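> Okay, so here is data24.tsv, and as you'll see once you scroll down, it has TSV, C-alpha atoms.
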```tsv
chain	number	residue	atom	x	y	z
O	1	MET	CA	0.00	0.00	0.00
O	2	ARG	CA	1.32	3.43	-0.98
O	3	ILE	CA	-0.27	6.59	0.39
O	4	PHE	CA	0.64	10.10	-0.70
O	5	LEU	CA	-0.53	13.44	0.65
O	6	LEU	CA	-1.56	15.57	-2.32
O	7	LEU	CA	-2.87	18.72	-0.72
O	8	PHE	CA	-3.70	20.25	2.62
O	9	ILE	CA	-5.53	23.56	2.78
O	10	SER	CA	-6.76	25.07	6.01
O	11	ILE	CA	-10.16	26.69	6.49
O	12	ASN	CA	-8.53	30.11	6.10
O	13	SER	CA	-7.71	29.46	2.44
O	14	PHE	CA	-10.23	26.82	1.40
O	15	SER	CA	-13.48	28.30	0.14
O	16	ASP	CA	-15.38	25.33	-1.26
O	17	VAL	CA	-17.46	24.69	1.85
O	18	SER	CA	-19.81	27.10	3.58
O	19	PHE	CA	-19.64	25.33	6.91
O	20	GLY	CA	-16.87	23.32	8.57
O	21	GLU	CA	-13.47	22.44	7.12
O	22	LEU	CA	-12.30	20.27	4.22
O	23	GLU	CA	-8.99	18.58	3.40
O	24	ASP	CA	-8.00	16.97	0.10
O	25	PHE	CA	-5.83	13.88	-0.26
O	26	VAL	CA	-4.95	11.33	-2.91
O	27	ILE	CA	-4.51	7.65	-2.15
O	28	GLU	CA	-2.50	5.60	-4.62
O	29	SER	CA	-2.81	1.83	-4.37
O	30	ASP	CA	-2.98	-1.36	-6.38
O	31	TYR	CA	-6.72	-0.78	-6.82
O	32	ASP	CA	-6.71	2.80	-8.05
O	33	THR	CA	-5.40	6.30	-7.57
O	34	ARG	CA	-8.22	8.07	-5.87
O	35	LYS	CA	-9.01	11.46	-4.39
O	36	ILE	CA	-10.59	11.52	-0.96
O	37	GLN	CA	-11.77	14.47	1.08
O	38	ILE	CA	-11.99	14.67	4.85
O	39	TYR	CA	-14.75	16.94	6.06
O	40	TYR	CA	-14.91	18.26	9.62
O	41	PRO	CA	-18.22	19.90	10.54
O	42	ASN	CA	-16.90	20.76	14.00
O	43	ASN	CA	-13.47	22.42	13.71
O	44	LYS	CA	-11.45	19.21	13.69
O	45	LEU	CA	-12.58	18.18	17.15
O	46	ILE	CA	-11.55	14.51	17.36
O	47	ASN	CA	-11.97	12.43	20.50
O	48	SER	CA	-12.93	8.93	21.59
O	49	ASP	CA	-16.58	9.61	20.74
O	50	THR	CA	-15.98	10.84	17.19
O	51	LEU	CA	-17.88	8.93	14.51
O	52	PHE	CA	-16.28	8.44	11.09
O	53	ILE	CA	-18.59	8.17	8.07
O	54	LEU	CA	-17.33	6.86	4.74
O	55	MET	CA	-19.36	8.31	1.86
O	56	ASN	CA	-19.26	6.98	-1.70
O	57	ASP	CA	-19.28	9.26	-4.77
O	58	GLY	CA	-17.40	11.88	-2.80
O	59	GLU	CA	-17.11	14.14	-5.86
O	60	GLU	CA	-20.85	14.89	-5.59
O	61	LEU	CA	-21.03	15.84	-1.92
O	62	PHE	CA	-19.61	19.35	-1.55
O	63	ASN	CA	-18.67	21.00	-4.84
O	64	ALA	CA	-20.80	20.72	-7.99
O	65	ALA	CA	-17.76	21.53	-10.15
O	66	ASP	CA	-16.18	18.21	-9.11
O	67	SER	CA	-19.09	16.12	-10.38
O	68	TRP	CA	-19.80	14.95	-13.92
O	69	HIS	CA	-23.23	16.60	-14.01
O	70	ASN	CA	-22.42	19.84	-12.15
O	71	MET	CA	-24.66	18.87	-9.22
O	72	GLU	CA	-23.95	18.30	-5.54
O	73	TRP	CA	-25.60	17.04	-2.38
O	74	GLY	CA	-24.70	20.28	-0.57
O	75	ILE	CA	-23.86	18.52	2.68
O	76	ASP	CA	-22.10	21.55	4.18
O	77	GLU	CA	-25.09	23.78	3.47
O	78	LYS	CA	-27.51	21.20	4.86
O	79	LEU	CA	-25.54	20.87	8.11
O	80	LYS	CA	-25.41	24.64	8.44
O	81	GLN	CA	-29.20	24.75	8.11
O	82	MET	CA	-29.62	22.01	10.73
O	83	ASN	CA	-27.90	24.17	13.36
O	84	LEU	CA	-26.77	21.15	15.38
O	85	SER	CA	-25.06	21.28	18.76
O	86	GLU	CA	-21.31	20.79	19.12
O	87	SER	CA	-21.80	17.27	20.49
O	88	ASP	CA	-24.13	16.35	17.61
O	89	LEU	CA	-21.47	17.47	15.14
O	90	ASN	CA	-18.85	15.11	16.56
O	91	PHE	CA	-18.39	13.18	13.34
O	92	VAL	CA	-16.06	13.26	10.34
O	93	ILE	CA	-17.02	12.47	6.74
O	94	ILE	CA	-14.52	10.64	4.55
O	95	ALA	CA	-15.71	11.45	1.00
O	96	ILE	CA	-14.26	8.89	-1.41
O	97	HIS	CA	-14.36	9.93	-5.04
O	98	SER	CA	-15.62	7.32	-7.48
O	99	ALA	CA	-13.81	5.89	-10.48
O	100	LYS	CA	-15.74	8.40	-12.58
O	101	LYS	CA	-13.42	11.13	-11.26
O	102	GLY	CA	-15.72	13.91	-12.32
O	103	ASN	CA	-15.44	13.59	-16.10
O	104	ARG	CA	-17.56	12.03	-18.79
O	105	PHE	CA	-15.20	9.59	-20.47
O	106	PHE	CA	-16.57	6.17	-21.34
O	107	ILE	CA	-14.11	4.21	-19.23
O	108	ASP	CA	-14.87	6.22	-16.08
O	109	GLU	CA	-18.62	6.01	-16.67
O	110	THR	CA	-18.57	2.21	-16.80
O	111	LYS	CA	-15.85	1.71	-14.17
O	112	ARG	CA	-18.05	3.24	-11.50
O	113	TYR	CA	-20.79	0.67	-12.07
O	114	ALA	CA	-18.22	-2.12	-12.07
O	115	GLU	CA	-16.43	-1.05	-8.90
O	116	TYR	CA	-19.60	-0.53	-6.86
O	117	PHE	CA	-21.32	-3.72	-8.00
O	118	PRO	CA	-21.18	-6.34	-5.18
O	119	LYS	CA	-18.77	-8.93	-6.53
O	120	GLU	CA	-20.22	-11.59	-4.23
O	121	ALA	CA	-23.57	-11.29	-6.04
O	122	ILE	CA	-22.04	-12.45	-9.33
O	123	GLY	CA	-22.13	-16.02	-8.06
O	124	TYR	CA	-25.93	-15.77	-7.88
O	125	LEU	CA	-26.33	-14.96	-11.58
O	126	ASN	CA	-27.61	-17.77	-13.77
O	127	ARG	CA	-25.00	-19.48	-15.90
O	128	GLY	CA	-24.54	-17.96	-19.31
O	129	ILE	CA	-22.86	-15.15	-21.19
O	130	LYS	CA	-23.99	-12.49	-18.71
O	131	LYS	CA	-22.34	-14.26	-15.80
O	132	ARG	CA	-19.17	-14.79	-17.83
O	133	LEU	CA	-19.09	-11.11	-18.74
O	134	TYR	CA	-19.48	-10.08	-15.10
O	135	GLN	CA	-16.75	-12.50	-14.04
O	136	LYS	CA	-14.35	-11.20	-16.68
O	137	TRP	CA	-15.01	-7.47	-16.74
O	138	ILE	CA	-16.50	-6.59	-13.34
O	139	ASN	CA	-15.01	-9.15	-10.97
O	140	ARG	CA	-11.49	-7.80	-11.39
O	141	ASN	CA	-9.07	-7.09	-8.59
O	142	SER	CA	-8.46	-3.56	-9.86
O	143	LEU	CA	-12.20	-2.83	-9.48
O	144	ASN	CA	-12.59	-4.32	-6.00
O	145	TYR	CA	-13.95	-1.34	-4.10
O	146	LEU	CA	-14.29	-3.18	-0.79
O	147	LYS	CA	-10.60	-4.06	-0.84
O	148	PHE	CA	-9.78	-0.44	-1.59
O	149	LEU	CA	-11.83	0.61	1.44
O	150	THR	CA	-10.46	-1.98	3.84
O	151	LEU	CA	-6.83	-2.11	2.69
O	152	ASP	CA	-6.23	1.52	1.77
O	153	VAL	CA	-8.81	4.04	2.93
O	154	ILE	CA	-9.47	2.73	6.43
O	155	PRO	CA	-5.75	2.22	7.27
O	156	PHE	CA	-5.05	5.73	5.97
O	157	VAL	CA	-7.69	7.23	8.25
O	158	GLU	CA	-6.53	5.13	11.20
O	159	GLU	CA	-2.95	6.29	10.75
O	160	LYS	CA	-3.89	9.95	10.24
O	161	PHE	CA	-5.98	10.14	13.41
O	162	ASP	CA	-4.17	7.48	15.44
O	163	ILE	CA	-7.39	5.55	16.02
O	164	LYS	CA	-8.84	2.12	15.41
O	165	LEU	CA	-11.97	2.01	13.25
O	166	ASN	CA	-14.62	-0.64	13.83
O	167	LYS	CA	-18.36	-1.08	14.27
O	168	LYS	CA	-18.31	1.25	17.27
O	169	ASN	CA	-17.17	4.35	15.37
O	170	LEU	CA	-17.48	3.73	11.62
O	171	GLY	CA	-20.41	3.89	9.22
O	172	ILE	CA	-20.89	4.06	5.45
O	173	ILE	CA	-23.37	5.93	3.23
O	174	GLY	CA	-23.95	6.00	-0.51
O	175	ALA	CA	-26.54	6.67	-3.19
O	176	SER	CA	-27.58	4.68	-6.26
O	177	MET	CA	-24.76	2.18	-6.99
O	178	GLY	CA	-22.99	3.77	-4.03
O	179	GLY	CA	-25.93	2.74	-1.85
O	180	LEU	CA	-25.60	-0.82	-3.09
O	181	ALA	CA	-21.88	-0.68	-2.31
O	182	ALA	CA	-22.66	0.58	1.21
O	183	LEU	CA	-24.93	-2.39	1.91
O	184	ASN	CA	-22.34	-4.73	0.40
O	185	ALA	CA	-19.70	-3.30	2.75
O	186	LEU	CA	-21.93	-3.84	5.78
O	187	ILE	CA	-22.77	-7.43	4.81
O	188	GLU	CA	-19.17	-8.39	4.07
O	189	HIS	CA	-17.57	-6.47	6.96
O	190	PRO	CA	-20.06	-6.32	9.85
O	191	ASP	CA	-17.09	-6.10	12.23
O	192	LEU	CA	-16.17	-2.74	10.69
O	193	PHE	CA	-19.46	-0.89	10.18
O	194	LYS	CA	-22.16	0.10	12.64
O	195	PHE	CA	-24.58	1.29	9.95
O	196	ALA	CA	-25.18	1.63	6.23
O	197	GLY	CA	-27.13	4.42	4.56
O	198	CYS	CA	-28.50	3.29	1.20
O	199	ILE	CA	-30.13	6.15	-0.69
O	200	SER	CA	-32.03	5.35	-3.91
O	201	THR	CA	-30.26	2.00	-4.00
O	202	HIS	CA	-29.73	0.76	-7.55
O	203	TRP	CA	-31.05	-2.78	-7.17
O	204	VAL	CA	-31.88	-3.20	-10.85
O	205	GLY	CA	-28.43	-3.46	-12.39
O	206	ILE	CA	-27.97	-2.82	-16.07
O	207	LYS	CA	-28.19	-4.91	-19.21
O	208	PRO	CA	-24.89	-5.49	-21.07
O	209	LEU	CA	-25.95	-3.36	-24.05
O	210	GLU	CA	-27.14	-0.58	-21.75
O	211	TYR	CA	-23.78	-0.81	-19.99
O	212	VAL	CA	-21.89	-0.26	-23.25
O	213	LEU	CA	-24.16	2.59	-24.34
O	214	LEU	CA	-24.48	4.22	-20.89
O	215	PRO	CA	-22.09	7.14	-21.56
O	216	ILE	CA	-24.08	8.02	-24.67
O	217	THR	CA	-27.71	7.27	-23.79
O	218	ARG	CA	-27.60	7.74	-19.99
O	219	GLU	CA	-30.58	5.40	-19.98
O	220	ILE	CA	-31.06	2.41	-17.68
O	221	LYS	CA	-34.14	0.21	-17.69
O	222	GLY	CA	-32.70	-2.47	-15.43
O	223	ASP	CA	-32.12	-6.18	-15.73
O	224	GLU	CA	-34.26	-8.81	-14.02
O	225	ASP	CA	-31.43	-11.35	-13.80
O	226	THR	CA	-29.28	-8.85	-11.91
O	227	VAL	CA	-32.14	-7.92	-9.60
O	228	ASN	CA	-32.68	-11.57	-8.71
O	229	ALA	CA	-28.96	-12.16	-8.15
O	230	ILE	CA	-28.64	-9.17	-5.80
O	231	ILE	CA	-31.76	-10.14	-3.83
O	232	SER	CA	-30.52	-13.74	-3.54
O	233	TYR	CA	-27.13	-12.49	-2.36
O	234	VAL	CA	-28.70	-10.29	0.32
O	235	GLY	CA	-31.06	-13.04	1.44
O	236	SER	CA	-28.28	-15.61	1.73
O	237	ASN	CA	-25.98	-13.33	3.72
O	238	ILE	CA	-28.25	-11.08	5.76
O	239	ASN	CA	-27.45	-12.96	8.95
O	240	ASN	CA	-23.93	-11.49	8.76
O	241	ILE	CA	-25.56	-8.33	10.07
O	242	ASP	CA	-26.33	-8.26	13.77
O	243	ASP	CA	-27.65	-5.08	15.42
O	244	GLN	CA	-26.43	-2.56	12.84
O	245	LYS	CA	-28.83	0.02	11.46
O	246	ILE	CA	-29.68	0.29	7.76
O	247	TYR	CA	-31.41	3.23	6.08
O	248	PHE	CA	-33.20	2.89	2.72
O	249	ASP	CA	-35.13	5.36	0.62
O	250	HIS	CA	-36.01	6.23	-2.96
O	251	GLY	CA	-38.11	8.63	-4.98
O	252	THR	CA	-40.93	7.88	-7.40
O	253	PHE	CA	-39.78	9.55	-10.65
O	254	GLY	CA	-37.17	8.64	-13.25
O	255	LEU	CA	-34.68	5.94	-12.35
O	256	ASP	CA	-35.99	5.87	-8.79
O	257	SER	CA	-39.35	4.61	-10.08
O	258	LEU	CA	-37.67	1.24	-10.75
O	259	TYR	CA	-36.68	0.69	-7.14
O	260	SER	CA	-39.96	0.12	-5.31
O	261	SER	CA	-40.51	-3.54	-6.23
O	262	PRO	CA	-36.99	-4.85	-5.45
O	263	GLN	CA	-36.81	-2.71	-2.30
O	264	LYS	CA	-39.97	-4.33	-0.98
O	265	LYS	CA	-38.39	-7.75	-1.52
O	266	ILE	CA	-35.31	-6.63	0.40
O	267	ASN	CA	-37.57	-5.30	3.18
O	268	LYS	CA	-39.31	-8.66	3.37
O	269	ILE	CA	-35.94	-10.35	3.88
O	270	LEU	CA	-35.00	-7.88	6.62
O	271	ASP	CA	-38.39	-8.27	8.32
O	272	SER	CA	-38.10	-12.06	8.33
O	273	LYS	CA	-34.79	-11.76	10.19
O	274	SER	CA	-35.92	-8.90	12.49
O	275	LYS	CA	-33.20	-6.54	11.26
O	276	ASP	CA	-33.10	-2.89	12.26
O	277	TYR	CA	-33.86	-0.67	9.27
O	278	LYS	CA	-35.81	2.36	8.12
O	279	TYR	CA	-37.44	2.73	4.70
O	280	LEU	CA	-38.87	5.94	3.26
O	281	VAL	CA	-40.43	6.86	-0.07
O	282	PHE	CA	-40.14	10.46	-1.30
O	283	ASP	CA	-43.03	11.12	-3.65
O	284	GLY	CA	-42.07	13.21	-6.66
O	285	TYR	CA	-38.32	12.85	-6.11
O	286	ASP	CA	-36.00	11.83	-8.96
O	287	HIS	CA	-32.48	10.42	-9.14
O	288	TYR	CA	-30.36	13.54	-8.64
O	289	ALA	CA	-27.64	14.56	-6.20
O	290	PRO	CA	-29.49	17.64	-4.85
O	291	GLU	CA	-32.47	15.45	-4.00
O	292	PHE	CA	-30.21	12.97	-2.20
O	293	GLY	CA	-28.74	15.84	-0.22
O	294	SER	CA	-32.13	17.33	0.60
O	295	ARG	CA	-32.90	14.34	2.82
O	296	PHE	CA	-29.44	14.11	4.42
O	297	ASP	CA	-30.81	15.57	7.65
O	298	GLY	CA	-33.23	12.66	8.06
O	299	ILE	CA	-30.51	10.16	7.25
O	300	LEU	CA	-28.28	11.67	9.94
O	301	GLU	CA	-31.09	11.74	12.49
O	302	TYR	CA	-31.74	8.02	12.09
O	303	LEU	CA	-28.19	6.70	11.68
O	304	VAL	CA	-26.12	9.13	13.75
O	305	LEU	CA	-28.16	11.28	16.10
O	306	ASN	CA	-30.52	8.65	17.60
```
Spell out the structure here as C-alpha cells.

Amino acid sequence: MRIFLLLFISINSFSDVSFGELEDFVIESDYDTRKIQIYYPNNKLINSDTLFILMNDGEELFNAADSWHNMEWGIDEKLKQMNLSESDLNFVIIAIHSAKKGNRFFIDETKRYAEYFPKEAIGYLNRGIKKRLYQKWINRNSLNYLKFLTLDVIPFVEEKFDIKLNKKNLGIIGASMGGLAALNALIEHPDLFKFAGCISTHWVGIKPLEYVLLPITREIKGDEDTVNAIISYVGSNINNIDDQKIYFDHGTFGLDSLYSSPQKKINKILDSKSKDYKYLVFDGYDHYAPEFGSRFDGILEYLVLN
C-alpha cells in the first residue's frame, strides 16, 4: 500500500465549503489512484466519541464543479441549516471519489458501475454469457472497491488520526450504486461498520448493451437477472448483520421509479430476520444529487443522532 498526501488547505484558504473544514488527499494503491476528502463539521474536534462516516461518490457531496453533471448534495449547506449542537457534530465524513473522477469519459462512466457492483452477487447470476461477462469485466481485482476501502482508505484514516476504526465508530453511506456498495460493505464487513445508509439504491443493475451505451444514452431500464442475483445475495448473507442500522429510501420519478418492487423484496428479507432498518419513499423525487442531499438531515437523524 502506498499513500501520498496531495494537498492540505486550512479553512482560512479553502473556500469550497460554507460550513466546517475540508482537506484533500490522494490515495494511490494497487486498486486505483483516488481522491478523498476529509470533512470536519466541528473544527477538527476529534476524541474517543468521534464517529467516522465513509461516503461513496465523494465528488458529488460538496462541490458541484467536481461532479460529472455539475450537481452536488450540498452537505455543508444542509448541516449549516440544521444548526446542530457541538456534540451532535462530533463526526467526520470521509468522502471517497468514485472511479468516474468527475469527467464524462466512457471508461470512467462504466468503471463506477463495475467497482460498486457487489462482486459476491455475481455467483448468484444464472449461468450464461452475462455471468461470464461479469466475471471477466467486473469481478477484477483492480475494481474491487471493498478491498480499496479496507486495505487503503481505512488504514489511511486510522494512521492519520491514530485511532482504530470498527463497528463502534465507523459507518458508510452512498446513493444509487454507491448505496448498493454501502450495503455490500456492511454485509461483508459487519465487524467494521455500525450502519449503512442506502439512498435510492440501484437494485436493478444494467443490461450489457445498456452498460456499453451508458455514456451516450444515460438510460437504464434495469435487468431482471441482476435484480434476482442481488436479492438472492442479500437473502443468503443477511445474517452477517447483527444489530447494525440500515437506512433505505427512494423517490418515485425517473430511475428511482424502478426501485420500489426490489426494495420491498429486500424489506421482506429484513423483516423475516428482524433486522433494524428504516425505509422511506419520497413522492415526486427523482435520481439527482441535490435530491439525495435534501434528505441528508433525516438520514443523519436516524443513523447518527438517535
> Just the number, please: distance in Å from CA of Tyr247 (chain O) to CA of Ala196 (chain O), one decimal.
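Separation between CA of Tyr247 (chain O) and CA of Ala196 (chain O): 6.4 Å.
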> Take CA of Phe253 (chain O) and CA of Glu120 (chain O) and report the distance between them in Å, one decimal.
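So the answer is 29.5 Å.
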> Suppose you want the space between CA of Leu143 (chain O) and CA of Tyr113 (chain O); what is it in Å?
9.6 Å
> May I have the centre and edge lengths, in Å to one decimal, of an axis-aligned box around the listed atoms of region 222-226 of chain O with 5 Å added to every side, as lines of an AutoDock Vina configuration file?

```
center_x = -31.8
center_y = -6.9
center_z = -13.8
size_x = 15.0
size_y = 18.9
size_z = 13.8
```
> Might you pull out every residue within 9 Å of region 74-89 of chain O, with only C-alpha atoms counted and same-chain residues fewer than 4 positions away left off, and present them as a VMD selection string?
chain O and resid 17 to 20 39 to 42 50 60 to 64 289 to 290 293 to 297 304 to 305
> Write out as a list in words each polymer residue whose atoms come within 7 Å of region 181-191 of chain O, counting only C-alpha atoms; drop sequence neighbours fewer than 5 positions from it.
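With the cut-off at 7 Å, the set is Tyr116, Phe117, Pro118, Leu146, Asn166, Lys167, Ile172, Ile173, Gly174, Ala196, Gly197, Cys198, Asn237, Ile238, Asn240 and Ile241 of chain O.
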> Kindly indicate which residue among O:Ala229, O:Ile163, O:Ile154, O:Ile266 lies nearest to Thr201 (chain O), using all atoms listed in the file for the distances.
O:Ile266
> O:Ile53, O:Val153, O:Ile93, O:Leu165: which is nearest Lys35 (chain O), counting only C-alpha atoms?
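Result for the nearest residue to Lys35 (chain O): O:Val153.
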> Which residue is closest to Asp286 (chain O)? Choose from O:Lys273, O:Ser200, O:Asp225, O:Lys207 and count all atoms listed in the file.
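Among the listed residues, O:Ser200 lies closest to Asp286 (chain O).
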> Return the single residue from O:Met55, O:Gly123, O:His69, O:Asp152 that is closest to Arg34 (chain O), with distances computed using only C-alpha atoms.
O:Asp152
> Which residue out of O:Phe248, O:Met177, O:Ser272, O:Lys264 has the minimum interatomic distance to Gly298 (chain O) when only C-alpha atoms are used?
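Distance minimum relative to Gly298 (chain O) lands on O:Phe248.
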> May I ask which of the residues O:Glu301, O:Asp256, O:Glu72, O:Asp223 is the closest one to Glu210 (chain O), counting only C-alpha atoms?
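That would be O:Asp223, the residue with the smallest distance to Glu210 (chain O).
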> Would you pick out the contacts of Asp49 (chain O) at 9 Å or less, using all atoms listed in the file, so that residues sharing its chain but fewer than 5 positions from it are not included, and give the list as a list in words?
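Once the nearby chain positions are removed, what remains is Asn90, Phe91 and Asn169 of chain O.
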> Is there a way to get, as a ChimeraX atom specification, all residues within 12 Å of the point (-28.0, -1.0, -13.1) in file coordinates, counting all atoms listed in the file?
/O:110,112-114,116-118,176-178,180,200-212,214,218-227,230,255-256,258-259
> Could you turn the residues from that selection into a file that holds C-alpha atoms, as a short mmCIF file (atom, residue, chain, number, x, y, z; two decimals), keeping the file's coordinate frame?

```cif
data_model
loop_
_atom_site.label_atom_id
_atom_site.label_comp_id
_atom_site.auth_asym_id
_atom_site.auth_seq_id
_atom_site.Cartn_x
_atom_site.Cartn_y
_atom_site.Cartn_z
CA THR O 110 -18.57 2.21 -16.80
CA ARG O 112 -18.05 3.24 -11.50
CA TYR O 113 -20.79 0.67 -12.07
CA ALA O 114 -18.22 -2.12 -12.07
CA TYR O 116 -19.60 -0.53 -6.86
CA PHE O 117 -21.32 -3.72 -8.00
CA PRO O 118 -21.18 -6.34 -5.18
CA SER O 176 -27.58 4.68 -6.26
CA MET O 177 -24.76 2.18 -6.99
CA GLY O 178 -22.99 3.77 -4.03
CA LEU O 180 -25.60 -0.82 -3.09
CA SER O 200 -32.03 5.35 -3.91
CA THR O 201 -30.26 2.00 -4.00
CA HIS O 202 -29.73 0.76 -7.55
CA TRP O 203 -31.05 -2.78 -7.17
CA VAL O 204 -31.88 -3.20 -10.85
CA GLY O 205 -28.43 -3.46 -12.39
CA ILE O 206 -27.97 -2.82 -16.07
CA LYS O 207 -28.19 -4.91 -19.21
CA PRO O 208 -24.89 -5.49 -21.07
CA LEU O 209 -25.95 -3.36 -24.05
CA GLU O 210 -27.14 -0.58 -21.75
CA TYR O 211 -23.78 -0.81 -19.99
CA VAL O 212 -21.89 -0.26 -23.25
CA LEU O 214 -24.48 4.22 -20.89
CA ARG O 218 -27.60 7.74 -19.99
CA GLU O 219 -30.58 5.40 -19.98
CA ILE O 220 -31.06 2.41 -17.68
CA LYS O 221 -34.14 0.21 -17.69
CA GLY O 222 -32.70 -2.47 -15.43
CA ASP O 223 -32.12 -6.18 -15.73
CA GLU O 224 -34.26 -8.81 -14.02
CA ASP O 225 -31.43 -11.35 -13.80
CA THR O 226 -29.28 -8.85 -11.91
CA VAL O 227 -32.14 -7.92 -9.60
CA ILE O 230 -28.64 -9.17 -5.80
CA LEU O 255 -34.68 5.94 -12.35
CA ASP O 256 -35.99 5.87 -8.79
CA LEU O 258 -37.67 1.24 -10.75
CA TYR O 259 -36.68 0.69 -7.14
#
```
> Please write C-alpha atoms of region 234-273 of chain O, from the structure given just now, as an mmCIF file, in the first residue's frame.

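Here's the written file decode_4.cif:
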```cif
data_model
loop_
_atom_site.group_PDB
_atom_site.id
_atom_site.type_symbol
_atom_site.label_atom_id
_atom_site.label_comp_id
_atom_site.auth_asym_id
_atom_site.auth_seq_id
_atom_site.Cartn_x
_atom_site.Cartn_y
_atom_site.Cartn_z
ATOM 1 C CA VAL O 234 -28.697 -10.289 0.316
ATOM 2 C CA GLY O 235 -31.063 -13.040 1.441
ATOM 3 C CA SER O 236 -28.278 -15.606 1.726
ATOM 4 C CA ASN O 237 -25.976 -13.331 3.716
ATOM 5 C CA ILE O 238 -28.250 -11.083 5.759
ATOM 6 C CA ASN O 239 -27.447 -12.962 8.948
ATOM 7 C CA ASN O 240 -23.934 -11.494 8.757
ATOM 8 C CA ILE O 241 -25.564 -8.326 10.067
ATOM 9 C CA ASP O 242 -26.333 -8.255 13.773
ATOM 10 C CA ASP O 243 -27.652 -5.083 15.418
ATOM 11 C CA GLN O 244 -26.434 -2.563 12.844
ATOM 12 C CA LYS O 245 -28.832 0.025 11.456
ATOM 13 C CA ILE O 246 -29.685 0.294 7.762
ATOM 14 C CA TYR O 247 -31.405 3.227 6.081
ATOM 15 C CA PHE O 248 -33.197 2.893 2.719
ATOM 16 C CA ASP O 249 -35.126 5.365 0.623
ATOM 17 C CA HIS O 250 -36.013 6.234 -2.957
ATOM 18 C CA GLY O 251 -38.115 8.625 -4.985
ATOM 19 C CA THR O 252 -40.934 7.883 -7.401
ATOM 20 C CA PHE O 253 -39.780 9.550 -10.651
ATOM 21 C CA GLY O 254 -37.173 8.645 -13.251
ATOM 22 C CA LEU O 255 -34.684 5.940 -12.349
ATOM 23 C CA ASP O 256 -35.995 5.875 -8.794
ATOM 24 C CA SER O 257 -39.354 4.614 -10.075
ATOM 25 C CA LEU O 258 -37.666 1.239 -10.752
ATOM 26 C CA TYR O 259 -36.683 0.685 -7.142
ATOM 27 C CA SER O 260 -39.963 0.123 -5.312
ATOM 28 C CA SER O 261 -40.508 -3.542 -6.227
ATOM 29 C CA PRO O 262 -36.992 -4.854 -5.448
ATOM 30 C CA GLN O 263 -36.811 -2.708 -2.302
ATOM 31 C CA LYS O 264 -39.971 -4.334 -0.979
ATOM 32 C CA LYS O 265 -38.391 -7.754 -1.524
ATOM 33 C CA ILE O 266 -35.312 -6.629 0.396
ATOM 34 C CA ASN O 267 -37.571 -5.300 3.182
ATOM 35 C CA LYS O 268 -39.306 -8.664 3.371
ATOM 36 C CA ILE O 269 -35.936 -10.355 3.882
ATOM 37 C CA LEU O 270 -35.005 -7.884 6.618
ATOM 38 C CA ASP O 271 -38.391 -8.269 8.318
ATOM 39 C CA SER O 272 -38.100 -12.058 8.328
ATOM 40 C CA LYS O 273 -34.795 -11.763 10.190
#
```
